[in-house]
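J.: The structure follows.
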Amino acid sequence: MKRSVLLAACAALLFSAGAALAQGADPDNPTCPNIQRVFGPLSGPVQVQSAKVSGRRVVKFSGAIAPGAADKLEKAMESGDPVEEIWIGSSGGDAAEGLKIGKLIRSMGVPTRVPSGWGCASACNFAFMGGAIRVIDPNAAFAVHMFTITSSADYQAYVDVTRKGGDSNMTLNNIARREQASALLATEENDFLIRMGVSRKLLTEVMYQQKADTFQGADKSTLRCLTPDEMQRYNVVNAD
């Protein structure tokens with residue numbers, strides 16, 4: 001690599017890092033803005049509200065995704081005038097419910113948007129990707145991570161029981177059931193992305209490459225916020 005090109009590349013990296021810090025990058029997840037500031041307000045109970053924006057009916061969906069959230073969204077969308085866009089902001093939650101919301105949105109053919117200042121993480125990713133037309137505004141965060149069903153606590157419980165000479169079969173059975181559920185969820189996520197027109201490489205190259213927990217090592221990052229280029233590359237967004 002020529003020296004001028006190398007210097008330019010280094011300068012670009014330094015500029016990106018400086019810009020992230022200037023915008024208040026999260027100390028544990030440096031690819032993201034401050035997690036508490038962005039996702040804290042979006043971690044409460046689910047709220048579904050209708051609003052008129054420039055004469056269009058918009059449904060605003062926000063809050064942690066829990067079982068029953070899809071039903072609330074469906075009820076709101078079927079009440080009143082046709083919905084022209086769904087604004088989504090959530091810290092995440094139940095993965096199966098996120099997939100359910102995404103399928104619901106696709107069945108209704110309504111575009112989705114993560115508006116400026118909002119964030120969409122974890123289970124919210126799949127809800128958002130249900131939109132046939134998908135937009136993520138500038139200054140909005142789209143944070144992905146590696147899902148986990150089996151926790152480090154399960155493995156630690158197995159180690160503790162084994163050391164004490166106790167019966168570890170129950171703990172092993174719990175781990176086996178959760179790992180099976182993880183495999184089924186990964187399969188469903190792959191199928192979902194194919195159906196939504198999103199590249200499966202988003203899973204293999206980004207989501208599944210993240211740490212599932214913060215129990216080991218100095219690196220506490222579990223969330224990875226996509227850059228605008230990555231949003232386009234993996235077809236997470238398909239409109240301006």
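Order determines the names: the first chain of the structure tokens is A, the second B, and so forth; residues in each chain are numbered 1 upward, and ligands are numbered 1 upward as they are shown.
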Could you pull the residues within 12 Å of Ile105 of chain A, counting only C-alpha atoms, minus those fewer than 6 positions along the same chain, as a PDB file with C-alpha atoms, in the first residue's frame?
T.:
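The file below, out17.pdb, is the result:
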```pdb
ATOM      1  CA  VAL A  59     -48.383   4.224  14.038  1.00  0.00           C
ATOM      2  CA  PHE A  61     -44.534   1.420  18.238  1.00  0.00           C
ATOM      3  CA  ALA A  70     -47.946  -8.111  18.180  1.00  0.00           C
ATOM      4  CA  ASP A  71     -51.616  -8.237  19.172  1.00  0.00           C
ATOM      5  CA  LEU A  73     -49.901  -3.498  17.126  1.00  0.00           C
ATOM      6  CA  GLU A  74     -52.424  -5.413  15.018  1.00  0.00           C
ATOM      7  CA  MET A  77     -53.374  -0.905  12.731  1.00  0.00           C
ATOM      8  CA  GLU A  78     -56.891  -2.219  12.127  1.00  0.00           C
ATOM      9  CA  VAL A  83     -51.600   3.096   8.215  1.00  0.00           C
ATOM     10  CA  GLU A  84     -48.991   4.489   5.837  1.00  0.00           C
ATOM     11  CA  GLU A  85     -45.902   3.871   7.974  1.00  0.00           C
ATOM     12  CA  ILE A  86     -44.871   2.266  11.261  1.00  0.00           C
ATOM     13  CA  TRP A  87     -42.241   3.980  13.381  1.00  0.00           C
ATOM     14  CA  ILE A  88     -40.362   1.456  15.503  1.00  0.00           C
ATOM     15  CA  GLY A  98     -40.158  -9.809  17.342  1.00  0.00           C
ATOM     16  CA  LEU A  99     -40.409 -12.326  14.505  1.00  0.00           C
ATOM     17  CA  PRO A 111     -43.397   0.412   5.447  1.00  0.00           C
ATOM     18  CA  THR A 112     -41.261   0.652   8.596  1.00  0.00           C
ATOM     19  CA  ARG A 113     -38.983   3.417   9.850  1.00  0.00           C
ATOM     20  CA  PHE A 126     -36.848  -8.513  13.117  1.00  0.00           C
ATOM     21  CA  ALA A 127     -39.956  -6.424  13.748  1.00  0.00           C
ATOM     22  CA  PHE A 128     -38.437  -3.613  11.665  1.00  0.00           C
ATOM     23  CA  MET A 129     -37.352  -5.926   8.848  1.00  0.00           C
ATOM     24  CA  GLY A 130     -40.979  -6.924   8.322  1.00  0.00           C
ATOM     25  CA  GLY A 131     -41.473  -3.709   6.371  1.00  0.00           C
ATOM     26  CA  ALA A 132     -41.475  -4.210   2.616  1.00  0.00           C
ATOM     27  CA  ILE A 133     -40.038  -0.673   2.478  1.00  0.00           C
ATOM     28  CA  ARG A 134     -37.524   0.037   5.261  1.00  0.00           C
ATOM     29  CA  MET A 196     -37.958 -10.435   4.026  1.00  0.00           C
TER      30      MET A 196
END
```
J.: Can you list, as a list of chain:residue names, every protein, DNA or RNA residue that comes within 9 Å of Leu223 of chain A when you count only C-alpha atoms, leaving out same-chain residues fewer than 5 positions away?
T.: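 Listed by chain and then number, they are A:Asp28, A:Asn29, A:Pro30, A:Thr31, A:Cys32, A:Ala121, A:Ser122, A:Ala143, A:Val144, A:His145, A:Met146, A:Met207, A:Gln210, A:Lys211.
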J.: Using N, CA and C atoms, can you write the selected residues to a file as an mmCIF file, in the first residue's frame?
T.:
```
data_model
loop_
_atom_site.group_PDB
_atom_site.id
_atom_site.type_symbol
_atom_site.label_atom_id
_atom_site.label_comp_id
_atom_site.auth_asym_id
_atom_site.auth_seq_id
_atom_site.Cartn_x
_atom_site.Cartn_y
_atom_site.Cartn_z
ATOM 1 N N ASP A 28 -19.020 0.837 26.577
ATOM 2 C CA ASP A 28 -18.905 -0.616 26.452
ATOM 3 C C ASP A 28 -19.176 -1.121 25.040
ATOM 4 N N ASN A 29 -19.947 -0.352 24.279
ATOM 5 C CA ASN A 29 -20.303 -0.729 22.908
ATOM 6 C C ASN A 29 -19.950 0.431 21.982
ATOM 7 N N PRO A 30 -18.669 0.594 21.658
ATOM 8 C CA PRO A 30 -18.188 1.809 20.997
ATOM 9 C C PRO A 30 -18.716 2.045 19.591
ATOM 10 N N THR A 31 -19.336 1.041 18.962
ATOM 11 C CA THR A 31 -19.924 1.280 17.639
ATOM 12 C C THR A 31 -21.295 1.937 17.759
ATOM 13 N N CYS A 32 -21.791 2.068 18.977
ATOM 14 C CA CYS A 32 -23.129 2.609 19.225
ATOM 15 C C CYS A 32 -23.064 3.922 19.988
ATOM 16 N N ALA A 121 -33.067 -2.373 18.630
ATOM 17 C CA ALA A 121 -32.073 -3.381 19.004
ATOM 18 C C ALA A 121 -32.720 -4.746 19.195
ATOM 19 N N SER A 122 -31.914 -5.778 18.983
ATOM 20 C CA SER A 122 -32.293 -7.149 19.328
ATOM 21 C C SER A 122 -33.574 -7.581 18.627
ATOM 22 N N ALA A 143 -29.045 -1.610 16.359
ATOM 23 C CA ALA A 143 -28.059 -2.398 17.107
ATOM 24 C C ALA A 143 -28.396 -3.881 17.065
ATOM 25 N N VAL A 144 -27.438 -4.686 16.627
ATOM 26 C CA VAL A 144 -27.631 -6.131 16.548
ATOM 27 C C VAL A 144 -26.732 -6.824 17.565
ATOM 28 N N HIS A 145 -27.057 -8.079 17.851
ATOM 29 C CA HIS A 145 -26.222 -8.847 18.763
ATOM 30 C C HIS A 145 -26.469 -10.325 18.561
ATOM 31 N N MET A 146 -25.684 -11.143 19.225
ATOM 32 C CA MET A 146 -25.856 -12.592 19.213
ATOM 33 C C MET A 146 -26.907 -12.949 20.259
ATOM 34 N N MET A 207 -24.234 -10.401 13.272
ATOM 35 C CA MET A 207 -24.960 -10.776 14.493
ATOM 36 C C MET A 207 -24.287 -11.917 15.259
ATOM 37 N N GLN A 210 -20.937 -11.521 17.432
ATOM 38 C CA GLN A 210 -20.854 -10.732 18.661
ATOM 39 C C GLN A 210 -20.805 -11.630 19.886
ATOM 40 N N LYS A 211 -20.232 -11.095 20.967
ATOM 41 C CA LYS A 211 -20.224 -11.829 22.234
ATOM 42 C C LYS A 211 -21.646 -11.932 22.768
#
```
J.: With a distance cut-off of 8 Å and only C-alpha atoms, select the neighbouring residues of segment 230-238 of chain A, excluding the residue or stretch itself and same-chain residues fewer than 3 positions from it, and output the selection as a count of residues only.
T.: 13
J.: Using only C-alpha atoms, pick whichever of A:Pro41, A:Gly109, A:Arg195, A:Gly119 has the shortest atom-to-atom distance to Asp137 of chain A.
T.: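 The answer is A:Gly119, which sits nearest to Asp137 of chain A.
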J.: Give me, as a CSV table (one decimal) with N, CA and C atoms, in the first residue's frame, the residues of segment 79-157 of chain A that a backbone DSSP run labels helix (DSSP H, G or I).
T.:
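The resulting selection-v3.csv:
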```
chain,number,residue,atom,x,y,z
A,95,ALA,N,-37.5,-12.7,21.3
A,95,ALA,CA,-37.1,-12.9,19.9
A,95,ALA,C,-38.3,-13.4,19.1
A,96,ALA,N,-39.0,-14.4,19.7
A,96,ALA,CA,-40.2,-15.0,19.0
A,96,ALA,C,-41.2,-13.9,18.7
A,97,GLU,N,-41.5,-13.0,19.6
A,97,GLU,CA,-42.5,-12.0,19.5
A,97,GLU,C,-42.0,-11.0,18.4
A,98,GLY,N,-40.7,-10.7,18.4
A,98,GLY,CA,-40.2,-9.8,17.3
A,98,GLY,C,-40.4,-10.4,15.9
A,99,LEU,N,-40.2,-11.7,15.8
A,99,LEU,CA,-40.4,-12.3,14.5
A,99,LEU,C,-41.9,-12.3,14.2
A,100,LYS,N,-42.7,-12.5,15.2
A,100,LYS,CA,-44.2,-12.4,14.9
A,100,LYS,C,-44.6,-11.0,14.5
A,101,ILE,N,-44.1,-10.0,15.1
A,101,ILE,CA,-44.4,-8.6,14.7
A,101,ILE,C,-43.9,-8.4,13.2
A,102,GLY,N,-42.7,-8.9,12.9
A,102,GLY,CA,-42.2,-8.7,11.5
A,102,GLY,C,-43.1,-9.3,10.5
A,103,LYS,N,-43.6,-10.5,10.8
A,103,LYS,CA,-44.5,-11.3,9.9
A,103,LYS,C,-45.8,-10.5,9.7
A,104,LEU,N,-46.3,-10.0,10.9
A,104,LEU,CA,-47.5,-9.3,10.8
A,104,LEU,C,-47.4,-8.0,9.9
A,105,ILE,N,-46.3,-7.3,10.1
A,105,ILE,CA,-46.1,-6.1,9.3
A,105,ILE,C,-46.0,-6.4,7.9
A,106,ARG,N,-45.3,-7.5,7.5
A,106,ARG,CA,-45.2,-7.8,6.1
A,106,ARG,C,-46.5,-8.3,5.5
A,107,SER,N,-47.3,-8.9,6.3
A,107,SER,CA,-48.6,-9.4,5.8
A,107,SER,C,-49.5,-8.2,5.5
A,108,MET,N,-49.3,-7.1,6.2
A,108,MET,CA,-50.1,-5.9,6.0
A,108,MET,C,-49.5,-4.9,5.0
A,123,ALA,N,-34.6,-8.0,19.4
A,123,ALA,CA,-35.8,-8.5,18.8
A,123,ALA,C,-36.5,-7.4,17.9
A,124,CYS,N,-36.2,-6.2,18.2
A,124,CYS,CA,-36.8,-5.1,17.3
A,124,CYS,C,-36.3,-5.2,15.9
A,125,ASN,N,-35.0,-5.7,15.7
A,125,ASN,CA,-34.5,-5.8,14.4
A,125,ASN,C,-35.4,-6.6,13.4
A,126,PHE,N,-36.0,-7.7,14.0
A,126,PHE,CA,-36.8,-8.5,13.1
A,126,PHE,C,-38.2,-7.9,12.9
A,127,ALA,N,-38.7,-7.2,13.9
A,127,ALA,CA,-40.0,-6.4,13.7
A,127,ALA,C,-39.8,-5.4,12.6
A,128,PHE,N,-38.7,-4.6,12.7
A,128,PHE,CA,-38.4,-3.6,11.7
A,128,PHE,C,-38.3,-4.2,10.3
A,152,SER,N,-24.6,-18.2,30.8
A,152,SER,CA,-23.4,-18.6,31.5
A,152,SER,C,-23.7,-19.2,32.8
A,153,ALA,N,-24.8,-18.7,33.4
A,153,ALA,CA,-25.2,-19.2,34.8
A,153,ALA,C,-25.5,-20.7,34.7
A,154,ASP,N,-26.1,-21.2,33.6
A,154,ASP,CA,-26.4,-22.6,33.4
A,154,ASP,C,-25.1,-23.4,33.5
A,155,TYR,N,-24.1,-23.0,32.7
A,155,TYR,CA,-22.9,-23.8,32.7
A,155,TYR,C,-22.2,-23.7,34.1
A,156,GLN,N,-22.3,-22.6,34.7
A,156,GLN,CA,-21.6,-22.5,36.1
A,156,GLN,C,-22.3,-23.4,37.0
A,157,ALA,N,-23.7,-23.5,36.9
A,157,ALA,CA,-24.4,-24.4,37.8
A,157,ALA,C,-24.0,-25.8,37.6
```
J.: One decimal, Å: what's the distance from atom CA of Ser79 of chain A over to atom CA of Val53 of chain A, could you say?
T.: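 According to the coordinates, atom CA of Ser79 of chain A and atom CA of Val53 of chain A are separated by 17.0 Å.
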J.: Excluding Arg37 of chain A and any residue of its chain fewer than 4 positions from it, enumerate the residues within 12 Å of it, using only C-alpha atoms, and give them as a list in words.
T.: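 Counting only C-alpha atoms, the residues come to Gln23, Gly24, Ala25, Asp26, Cys32, Pro33, Pro41, Leu42, Ser43, Ser91, Gly117, Trp118, Gly119 and Ala141 of chain A.
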J.: Let me see the file: selected residues, N, CA and C atoms, as a compact mmCIF listing (two decimals), in the first residue's frame.
T.:
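Output below, filename selection-v3.txt:
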```txt
# COMPACT_ATOMS: atom_id res chain seq x y z
N GLN A 23 -20.10 12.29 19.38
CA GLN A 23 -21.52 12.03 19.48
C GLN A 23 -21.87 11.25 20.75
N GLY A 24 -20.90 10.97 21.60
CA GLY A 24 -21.16 10.26 22.84
C GLY A 24 -21.26 8.76 22.67
N ALA A 25 -20.21 8.14 22.09
CA ALA A 25 -20.21 6.70 21.90
C ALA A 25 -20.33 5.98 23.24
N ASP A 26 -20.99 4.84 23.22
CA ASP A 26 -21.16 4.07 24.44
C ASP A 26 -19.81 3.49 24.88
N CYS A 32 -21.79 2.07 18.98
CA CYS A 32 -23.13 2.61 19.22
C CYS A 32 -23.06 3.92 19.99
N PRO A 33 -24.09 4.75 19.84
CA PRO A 33 -24.21 5.92 20.73
C PRO A 33 -24.52 5.44 22.14
N PRO A 41 -35.16 5.16 27.22
CA PRO A 41 -36.57 5.55 27.08
C PRO A 41 -37.40 4.56 26.28
N LEU A 42 -36.73 3.61 25.60
CA LEU A 42 -37.43 2.64 24.75
C LEU A 42 -37.47 1.26 25.39
N SER A 43 -37.22 1.19 26.70
CA SER A 43 -37.16 -0.10 27.38
C SER A 43 -38.35 -0.35 28.31
N SER A 91 -35.76 -1.37 22.78
CA SER A 91 -34.50 -1.91 23.29
C SER A 91 -34.40 -3.41 23.04
N GLY A 117 -33.14 9.79 16.36
CA GLY A 117 -33.14 9.85 17.81
C GLY A 117 -33.63 8.58 18.48
N TRP A 118 -34.22 7.67 17.70
CA TRP A 118 -34.68 6.39 18.23
C TRP A 118 -33.64 5.32 17.96
N GLY A 119 -33.85 4.16 18.56
CA GLY A 119 -32.97 3.02 18.32
C GLY A 119 -33.79 1.75 18.21
N ALA A 141 -30.23 4.59 15.66
CA ALA A 141 -29.32 3.47 15.89
C ALA A 141 -30.02 2.15 15.58
```
